[in-house]
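Step one of this worksheet: look at the structure below.
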Protein chains: 2
Amino acid sequence: MTKTDHYHHGALREALLDSAMRAIESDGLERLSLRDLAGTIGVSKTAPYRHFASKRALLEAIAAEGFRLLAADLERSEEPGPGTADRLGTIARSYIDFARSRPALYRLMFSKLGYSLESEACRLNSGRAFGVLVRAVDARMSTGWRSVENQEAVILSVWALVHGWAGLLIDGLLPRQIPAAEERWAEMVQAFLS
Amino acid sequence: MTKTDHYHHGALREALLDSAMRAIESDGLERLSLRDLAGTIGVSKTAPYRHFASKRALLEAIAAEGFRLLAADLERSEEPGPGTADRLGTIARSYIDFARSRPALYRLMFSKLGYSLESEACRLNSGRAFGVLVRAVDARMSTGWRSVENQEAVILSVWALVHGWAGLLIDGLLPRQIPAAEERWAEMVQAFLS
DNA sequence: CAGGTGATGTTGGCAGTGTCAACATAAAGG
DNA sequence: CCTTTATGTTGACACTGCCAACATCACCTG
């Protein structure tokens, strides 16, 4: 035991979040163990409790981080660029890419069992993500349209469609030869908005 | 301890499935404990292992039962009756009603963490449920249409939409004043199919 | 620069969990 | 009647989240 073994880790909170996200992605959420996590990081079994009041609190923080990442991805695909033509399509692709690249995190974010909603950070960042969708649908529909109610329903429909598709994809319920799924999505929205 | 306390329960398997379904619906899936279950039923902690190889096996059986119930509901709403006009709408309502009345079960069915797919019963009954959807979309589109590929994409789109909406509903992500959600659904499909 | 104070990490322990091995009971069938 | 077999019980093990008591160290104030 050299003197350079730090008694204090220095960035345990970040290390925990990071390790936990990696762990749920590789072994599944239900196999996540705080003790294992601490062990892997090289810290004692109860050290995490100095940064998170409970396992649930850790998961809530992870979900919040997930919404932050999702919002960031969506906002990036909202920026003006080469593919500005079909902005909604681009956003949808980002959304589904996110769910696909971090399926366990995505499931956790919408589990409600329930992490998510209770935390302020979750509400804030999911609001940001939702905002991107709202703006995109707004832009597409702005050519004179009906009630606000109607608009809300359309937005939710679009969200439900993409969210549902993401779910089917990451839960392995789609036949293998449907890479065209996302393209089809674009058609659907187009059809609906006309 | 009277002599009439049966040493053998008689229908433990069914009692376990039943109690477990009730328990996950009232306390959440992650709080389900085999020992508690056994205790509530009035049997020793390891008795369940005579009927299920593991907790996971129990959950798989529950998921299978869920798909059986869902398939039954959907098939019932397929029968000729008063509301045969908009069959797809009726089926969608059944689907969403199912998810809403048994949210925890519905989540378990699509968890993949993962129960579901591996079991034969799950595959069979989810196939039955999917068949109902296929037939309904078929009927609606049969007025001369494009490729089979296209048809498949449409079916999956419809499923994704309803599935996604169910998810948003049971995870409490929809603003409270959207009871009109299901009606909007009908509009969307209609729009898409035209 | 001394010393105390608060944030961070550790040790030991408790109650609860899924699961296995060994044993007990009772219903069924020759 | 006696054995077989399905079913249920007991005891134990390794693991979990979490709490209380203690250790270490960075930092601030005198």
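Ligands are numbered from 1 in the order shown, chains are lettered A, B, ... in the order of the structure tokens, and residues start at 1 in each chain.
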
8 Å contact set for stretch 6-23 of chain C, only C-alpha atoms (C1' of nucleotides), chain neighbours under 2 positions out, as a CSV table (one decimal) with N, CA and C atoms (P, O5', C5', C4', C3', O3' and C1' of nucleotides), in the first residue's frame:
```csv
chain,number,residue,atom,x,y,z
A,7,TYR,N,-6.6,8.2,-0.1
A,7,TYR,CA,-7.7,7.9,0.8
A,7,TYR,C,-9.0,8.5,0.2
A,8,HIS,N,-8.9,9.7,-0.2
A,8,HIS,CA,-10.1,10.3,-0.9
A,8,HIS,C,-10.0,10.2,-2.4
A,43,VAL,N,-13.1,1.4,-4.1
A,43,VAL,CA,-13.5,2.1,-2.9
A,43,VAL,C,-14.4,1.2,-2.1
A,44,SER,N,-14.6,1.5,-0.8
A,44,SER,CA,-15.3,0.6,0.0
A,44,SER,C,-16.8,0.6,-0.3
A,47,ALA,N,-19.0,3.7,0.5
A,47,ALA,CA,-18.6,5.0,0.0
A,47,ALA,C,-19.6,5.8,-0.8
A,50,ARG,N,-22.0,8.5,0.5
A,50,ARG,CA,-21.6,9.9,0.7
A,50,ARG,C,-22.0,10.8,-0.4
B,33,SER,N,-41.0,-10.1,-4.2
B,33,SER,CA,-40.1,-11.1,-3.4
B,33,SER,C,-40.7,-12.4,-3.4
B,55,LYS,N,-36.8,-17.2,-10.1
B,55,LYS,CA,-37.6,-16.0,-10.1
B,55,LYS,C,-37.9,-15.6,-11.5
D,9,DT,P,-44.6,-25.8,3.1
D,9,DT,O5',-43.4,-26.5,3.7
D,9,DT,C5',-43.6,-27.6,4.6
D,9,DT,C4',-42.3,-27.8,5.4
D,9,DT,C3',-41.7,-26.6,6.0
D,9,DT,O3',-41.3,-26.9,7.4
D,9,DT,C1',-40.1,-27.7,4.7
D,10,DT,P,-40.8,-25.7,8.4
D,10,DT,O5',-39.3,-26.0,8.7
D,10,DT,C5',-38.8,-27.3,8.5
D,10,DT,C4',-37.3,-27.4,8.6
D,10,DT,C3',-36.6,-26.2,9.2
D,10,DT,O3',-35.6,-26.6,10.2
D,10,DT,C1',-35.7,-26.6,7.1
D,15,DC,P,-20.6,-14.1,-3.1
D,15,DC,O5',-21.7,-12.9,-3.1
D,15,DC,C5',-22.7,-12.9,-4.1
D,15,DC,C4',-23.9,-12.1,-3.6
D,15,DC,C3',-23.6,-10.6,-3.3
D,15,DC,O3',-23.9,-9.9,-4.5
D,15,DC,C1',-25.2,-11.6,-1.8
D,16,DT,P,-23.5,-8.3,-4.5
D,16,DT,O5',-24.7,-7.6,-3.9
D,16,DT,C5',-26.0,-7.6,-4.6
D,16,DT,C4',-27.1,-7.1,-3.7
D,16,DT,C3',-26.8,-5.7,-3.2
D,16,DT,O3',-27.4,-4.8,-4.1
D,16,DT,C1',-27.7,-7.2,-1.4
D,22,DC,P,-17.4,4.8,18.2
D,22,DC,O5',-16.2,4.9,17.0
D,22,DC,C5',-15.7,3.7,16.5
D,22,DC,C4',-14.9,4.0,15.3
D,22,DC,C3',-13.8,5.1,15.4
D,22,DC,O3',-12.5,4.4,15.2
D,22,DC,C1',-15.0,5.4,13.4
D,23,DA,P,-11.1,5.3,15.2
D,23,DA,O5',-10.9,5.6,13.6
D,23,DA,C5',-10.6,4.5,12.8
D,23,DA,C4',-10.1,5.1,11.4
D,23,DA,C3',-8.9,6.0,11.5
D,23,DA,O3',-8.1,5.6,10.4
D,23,DA,C1',-10.8,7.1,10.4
D,24,DT,P,-6.6,6.2,10.3
D,24,DT,O5',-6.7,7.3,9.2
D,24,DT,C5',-7.1,7.0,7.9
D,24,DT,C4',-7.5,8.2,7.1
D,24,DT,C3',-6.4,9.3,7.1
D,24,DT,O3',-5.9,9.3,5.7
D,24,DT,C1',-8.5,10.2,7.4
```

At most 12 Å to chain D: residues in chain A, only C-alpha atoms (C1' of nucleotides), as a compact mmCIF listing (two decimals) with N, CA and C atoms, in the first residue's frame:
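Output saved as iface31.txt:
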```
# COMPACT_ATOMS: atom_id res chain seq x y z
N HIS A 6 -4.73 7.18 -2.80
CA HIS A 6 -5.48 8.26 -2.19
C HIS A 6 -6.57 7.72 -1.29
N TYR A 7 -6.63 8.24 -0.12
CA TYR A 7 -7.73 7.88 0.78
C TYR A 7 -9.01 8.47 0.23
N HIS A 8 -8.91 9.68 -0.25
CA HIS A 8 -10.07 10.29 -0.89
C HIS A 8 -9.96 10.15 -2.40
N HIS A 9 -11.00 9.70 -3.00
CA HIS A 9 -10.97 9.40 -4.43
C HIS A 9 -10.87 10.65 -5.28
N GLY A 10 -11.61 11.66 -4.89
CA GLY A 10 -11.50 12.92 -5.61
C GLY A 10 -12.65 13.22 -6.53
N GLU A 30 -31.09 -4.66 -13.74
CA GLU A 30 -31.42 -5.41 -12.53
C GLU A 30 -30.22 -6.09 -11.91
N ARG A 31 -29.10 -6.13 -12.61
CA ARG A 31 -27.91 -6.74 -12.05
C ARG A 31 -26.99 -5.71 -11.40
N LEU A 32 -27.39 -4.47 -11.46
CA LEU A 32 -26.53 -3.41 -10.91
C LEU A 32 -26.46 -3.53 -9.39
N SER A 33 -25.23 -3.53 -8.87
CA SER A 33 -25.02 -3.63 -7.43
C SER A 33 -24.10 -2.50 -6.96
N LEU A 34 -24.55 -1.76 -6.00
CA LEU A 34 -23.75 -0.66 -5.48
C LEU A 34 -22.40 -1.17 -4.97
N ARG A 35 -22.43 -2.33 -4.32
CA ARG A 35 -21.19 -2.88 -3.77
C ARG A 35 -20.20 -3.23 -4.87
N ASP A 36 -20.70 -3.88 -5.91
CA ASP A 36 -19.84 -4.19 -7.05
C ASP A 36 -19.24 -2.92 -7.63
N LYS A 45 -17.51 -0.46 0.24
CA LYS A 45 -18.90 -0.71 -0.15
C LYS A 45 -19.88 0.42 0.16
N THR A 46 -19.59 1.18 1.19
CA THR A 46 -20.56 2.22 1.56
C THR A 46 -20.13 3.63 1.15
N ALA A 47 -19.02 3.72 0.48
CA ALA A 47 -18.55 5.04 0.03
C ALA A 47 -19.60 5.75 -0.85
N PRO A 48 -20.30 5.02 -1.72
CA PRO A 48 -21.29 5.70 -2.57
C PRO A 48 -22.33 6.49 -1.78
N TYR A 49 -22.55 6.08 -0.52
CA TYR A 49 -23.60 6.75 0.26
C TYR A 49 -23.20 8.16 0.68
N PHE A 52 -24.75 9.62 -2.78
CA PHE A 52 -26.15 9.34 -3.12
C PHE A 52 -26.84 8.73 -1.92
N ALA A 53 -27.99 9.26 -1.60
CA ALA A 53 -28.69 8.83 -0.39
C ALA A 53 -29.13 7.38 -0.47
N SER A 54 -29.32 6.88 -1.67
CA SER A 54 -29.78 5.51 -1.86
C SER A 54 -29.49 5.07 -3.28
N LYS A 55 -29.67 3.81 -3.52
CA LYS A 55 -29.49 3.28 -4.87
C LYS A 55 -30.45 3.99 -5.83
N ARG A 56 -31.65 4.16 -5.38
CA ARG A 56 -32.64 4.84 -6.17
C ARG A 56 -32.19 6.24 -6.57
```

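Separating atom CA of B:Ala63 from atom CA of B:Leu88 is a distance of 24.6 Å.
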
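Non-sequential neighbours of stretch 134-136 of chain A (distance at most 10 Å, separation of 2 or more positions within a chain, only C-alpha atoms (C1' of nucleotides)) are A:Glu78, A:Asp86, A:Arg87, A:Leu88, A:Gly89, A:Ile91, A:Arg128, A:Ala129, A:Phe130, A:Gly131, A:Val132, A:Asp138, A:Ala139, A:Arg140, A:Met141, A:Ser142, A:Gln151, A:Glu152, A:Val154, A:Ile155, A:Leu156, A:Val158, A:Trp159.
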
Next, the residues of the selection above should be written as an mmCIF file, in the first residue's frame with N, CA and C atoms.
```cif
data_model
loop_
_atom_site.group_PDB
_atom_site.id
_atom_site.type_symbol
_atom_site.label_atom_id
_atom_site.label_comp_id
_atom_site.auth_asym_id
_atom_site.auth_seq_id
_atom_site.Cartn_x
_atom_site.Cartn_y
_atom_site.Cartn_z
ATOM 1 N N GLU A 78 -30.910 19.918 -34.413
ATOM 2 C CA GLU A 78 -31.843 20.996 -34.731
ATOM 3 C C GLU A 78 -31.107 22.152 -35.395
ATOM 4 N N ASP A 86 -35.510 18.110 -44.162
ATOM 5 C CA ASP A 86 -36.462 17.324 -43.377
ATOM 6 C C ASP A 86 -36.022 17.289 -41.928
ATOM 7 N N ARG A 87 -36.233 18.402 -41.251
ATOM 8 C CA ARG A 87 -35.736 18.540 -39.890
ATOM 9 C C ARG A 87 -36.359 17.506 -38.949
ATOM 10 N N LEU A 88 -37.642 17.299 -39.085
ATOM 11 C CA LEU A 88 -38.306 16.321 -38.213
ATOM 12 C C LEU A 88 -37.699 14.935 -38.392
ATOM 13 N N GLY A 89 -37.404 14.594 -39.623
ATOM 14 C CA GLY A 89 -36.788 13.298 -39.883
ATOM 15 C C GLY A 89 -35.435 13.183 -39.218
ATOM 16 N N ILE A 91 -34.372 14.802 -36.598
ATOM 17 C CA ILE A 91 -34.573 14.712 -35.152
ATOM 18 C C ILE A 91 -34.997 13.303 -34.749
ATOM 19 N N ARG A 128 -36.458 20.139 -22.129
ATOM 20 C CA ARG A 128 -35.618 20.617 -23.229
ATOM 21 C C ARG A 128 -35.792 19.730 -24.459
ATOM 22 N N ALA A 129 -35.736 18.410 -24.229
ATOM 23 C CA ALA A 129 -35.871 17.472 -25.344
ATOM 24 C C ALA A 129 -37.234 17.626 -26.011
ATOM 25 N N PHE A 130 -38.248 17.714 -25.187
ATOM 26 C CA PHE A 130 -39.607 17.849 -25.723
ATOM 27 C C PHE A 130 -39.727 19.145 -26.519
ATOM 28 N N GLY A 131 -39.062 20.174 -26.037
ATOM 29 C CA GLY A 131 -39.081 21.469 -26.718
ATOM 30 C C GLY A 131 -38.607 21.372 -28.161
ATOM 31 N N VAL A 132 -37.571 20.590 -28.368
ATOM 32 C CA VAL A 132 -37.053 20.416 -29.729
ATOM 33 C C VAL A 132 -38.143 19.859 -30.633
ATOM 34 N N ASP A 138 -44.070 22.446 -34.850
ATOM 35 C CA ASP A 138 -44.572 23.805 -35.051
ATOM 36 C C ASP A 138 -44.187 24.324 -36.429
ATOM 37 N N ALA A 139 -42.896 24.222 -36.726
ATOM 38 C CA ALA A 139 -42.387 24.745 -37.991
ATOM 39 C C ALA A 139 -43.077 24.067 -39.164
ATOM 40 N N ARG A 140 -43.277 22.775 -39.027
ATOM 41 C CA ARG A 140 -43.876 22.025 -40.119
ATOM 42 C C ARG A 140 -45.356 22.353 -40.302
ATOM 43 N N MET A 141 -45.996 22.663 -39.191
ATOM 44 C CA MET A 141 -47.443 22.880 -39.252
ATOM 45 C C MET A 141 -47.832 24.347 -39.411
ATOM 46 N N SER A 142 -46.852 25.218 -39.301
ATOM 47 C CA SER A 142 -47.185 26.633 -39.143
ATOM 48 C C SER A 142 -47.902 27.237 -40.341
ATOM 49 N N GLN A 151 -52.779 20.843 -32.265
ATOM 50 C CA GLN A 151 -51.334 20.860 -32.394
ATOM 51 C C GLN A 151 -50.686 19.996 -31.313
ATOM 52 N N GLU A 152 -51.190 20.141 -30.100
ATOM 53 C CA GLU A 152 -50.673 19.327 -29.003
ATOM 54 C C GLU A 152 -50.824 17.835 -29.315
ATOM 55 N N VAL A 154 -50.990 16.423 -32.155
ATOM 56 C CA VAL A 154 -50.058 16.016 -33.210
ATOM 57 C C VAL A 154 -48.663 15.786 -32.643
ATOM 58 N N ILE A 155 -48.240 16.718 -31.817
ATOM 59 C CA ILE A 155 -46.917 16.587 -31.212
ATOM 60 C C ILE A 155 -46.816 15.288 -30.423
ATOM 61 N N LEU A 156 -47.834 15.042 -29.615
ATOM 62 C CA LEU A 156 -47.812 13.821 -28.814
ATOM 63 C C LEU A 156 -47.841 12.582 -29.696
ATOM 64 N N VAL A 158 -46.586 12.272 -32.673
ATOM 65 C CA VAL A 158 -45.245 12.093 -33.238
ATOM 66 C C VAL A 158 -44.325 11.490 -32.190
ATOM 67 N N TRP A 159 -44.408 12.022 -30.984
ATOM 68 C CA TRP A 159 -43.567 11.499 -29.911
ATOM 69 C C TRP A 159 -43.883 10.021 -29.663
#
```

Counting only C-alpha atoms (C1' of nucleotides), what is within 12 Å of B:Leu29, bar same-chain residues fewer than 2 positions away, as a VMD selection string?
(chain A and resid 30 111 to 114) or (chain B and resid 20 to 27 31 to 34 55 to 56 59 62 to 63 102 to 109 111)

Based on the selection just made, write C-alpha atoms of those residues as a compact mmCIF listing (two decimals), in the first residue's frame.
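selection-v5.txt, freshly written:
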```
# COMPACT_ATOMS: atom_id res chain seq x y z
CA GLU A 30 -31.42 -5.41 -12.53
CA SER A 111 -39.26 3.27 -16.22
CA LYS A 112 -41.21 5.33 -13.67
CA LEU A 113 -41.11 2.39 -11.35
CA GLY A 114 -39.90 4.82 -10.88
CA ALA B 20 -47.48 -12.27 -8.19
CA MET B 21 -49.55 -10.45 -10.78
CA ARG B 22 -51.48 -8.69 -8.06
CA ALA B 23 -48.28 -7.85 -6.20
CA ILE B 24 -46.41 -6.30 -9.11
CA GLU B 25 -49.48 -4.27 -9.98
CA SER B 26 -49.81 -2.88 -6.47
CA ASP B 27 -46.20 -2.60 -5.30
CA ARG B 31 -40.36 -4.99 -5.01
CA LEU B 32 -41.54 -8.48 -5.81
CA SER B 33 -40.08 -11.06 -3.44
CA LEU B 34 -40.52 -14.79 -3.83
CA LYS B 55 -37.65 -16.01 -10.07
CA ARG B 56 -36.96 -15.21 -13.66
CA LEU B 59 -41.68 -13.68 -14.40
CA ILE B 62 -46.33 -14.10 -15.96
CA ALA B 63 -45.28 -12.35 -19.15
CA ARG B 102 -52.29 -3.65 -15.97
CA PRO B 103 -49.40 -1.23 -16.39
CA ALA B 104 -46.84 -3.25 -14.44
CA LEU B 105 -47.68 -6.41 -16.34
CA TYR B 106 -47.49 -4.55 -19.64
CA ARG B 107 -44.07 -3.18 -18.76
CA LEU B 108 -42.89 -6.63 -17.74
CA MET B 109 -44.07 -8.11 -21.04
CA SER B 111 -38.98 -5.53 -20.60
```
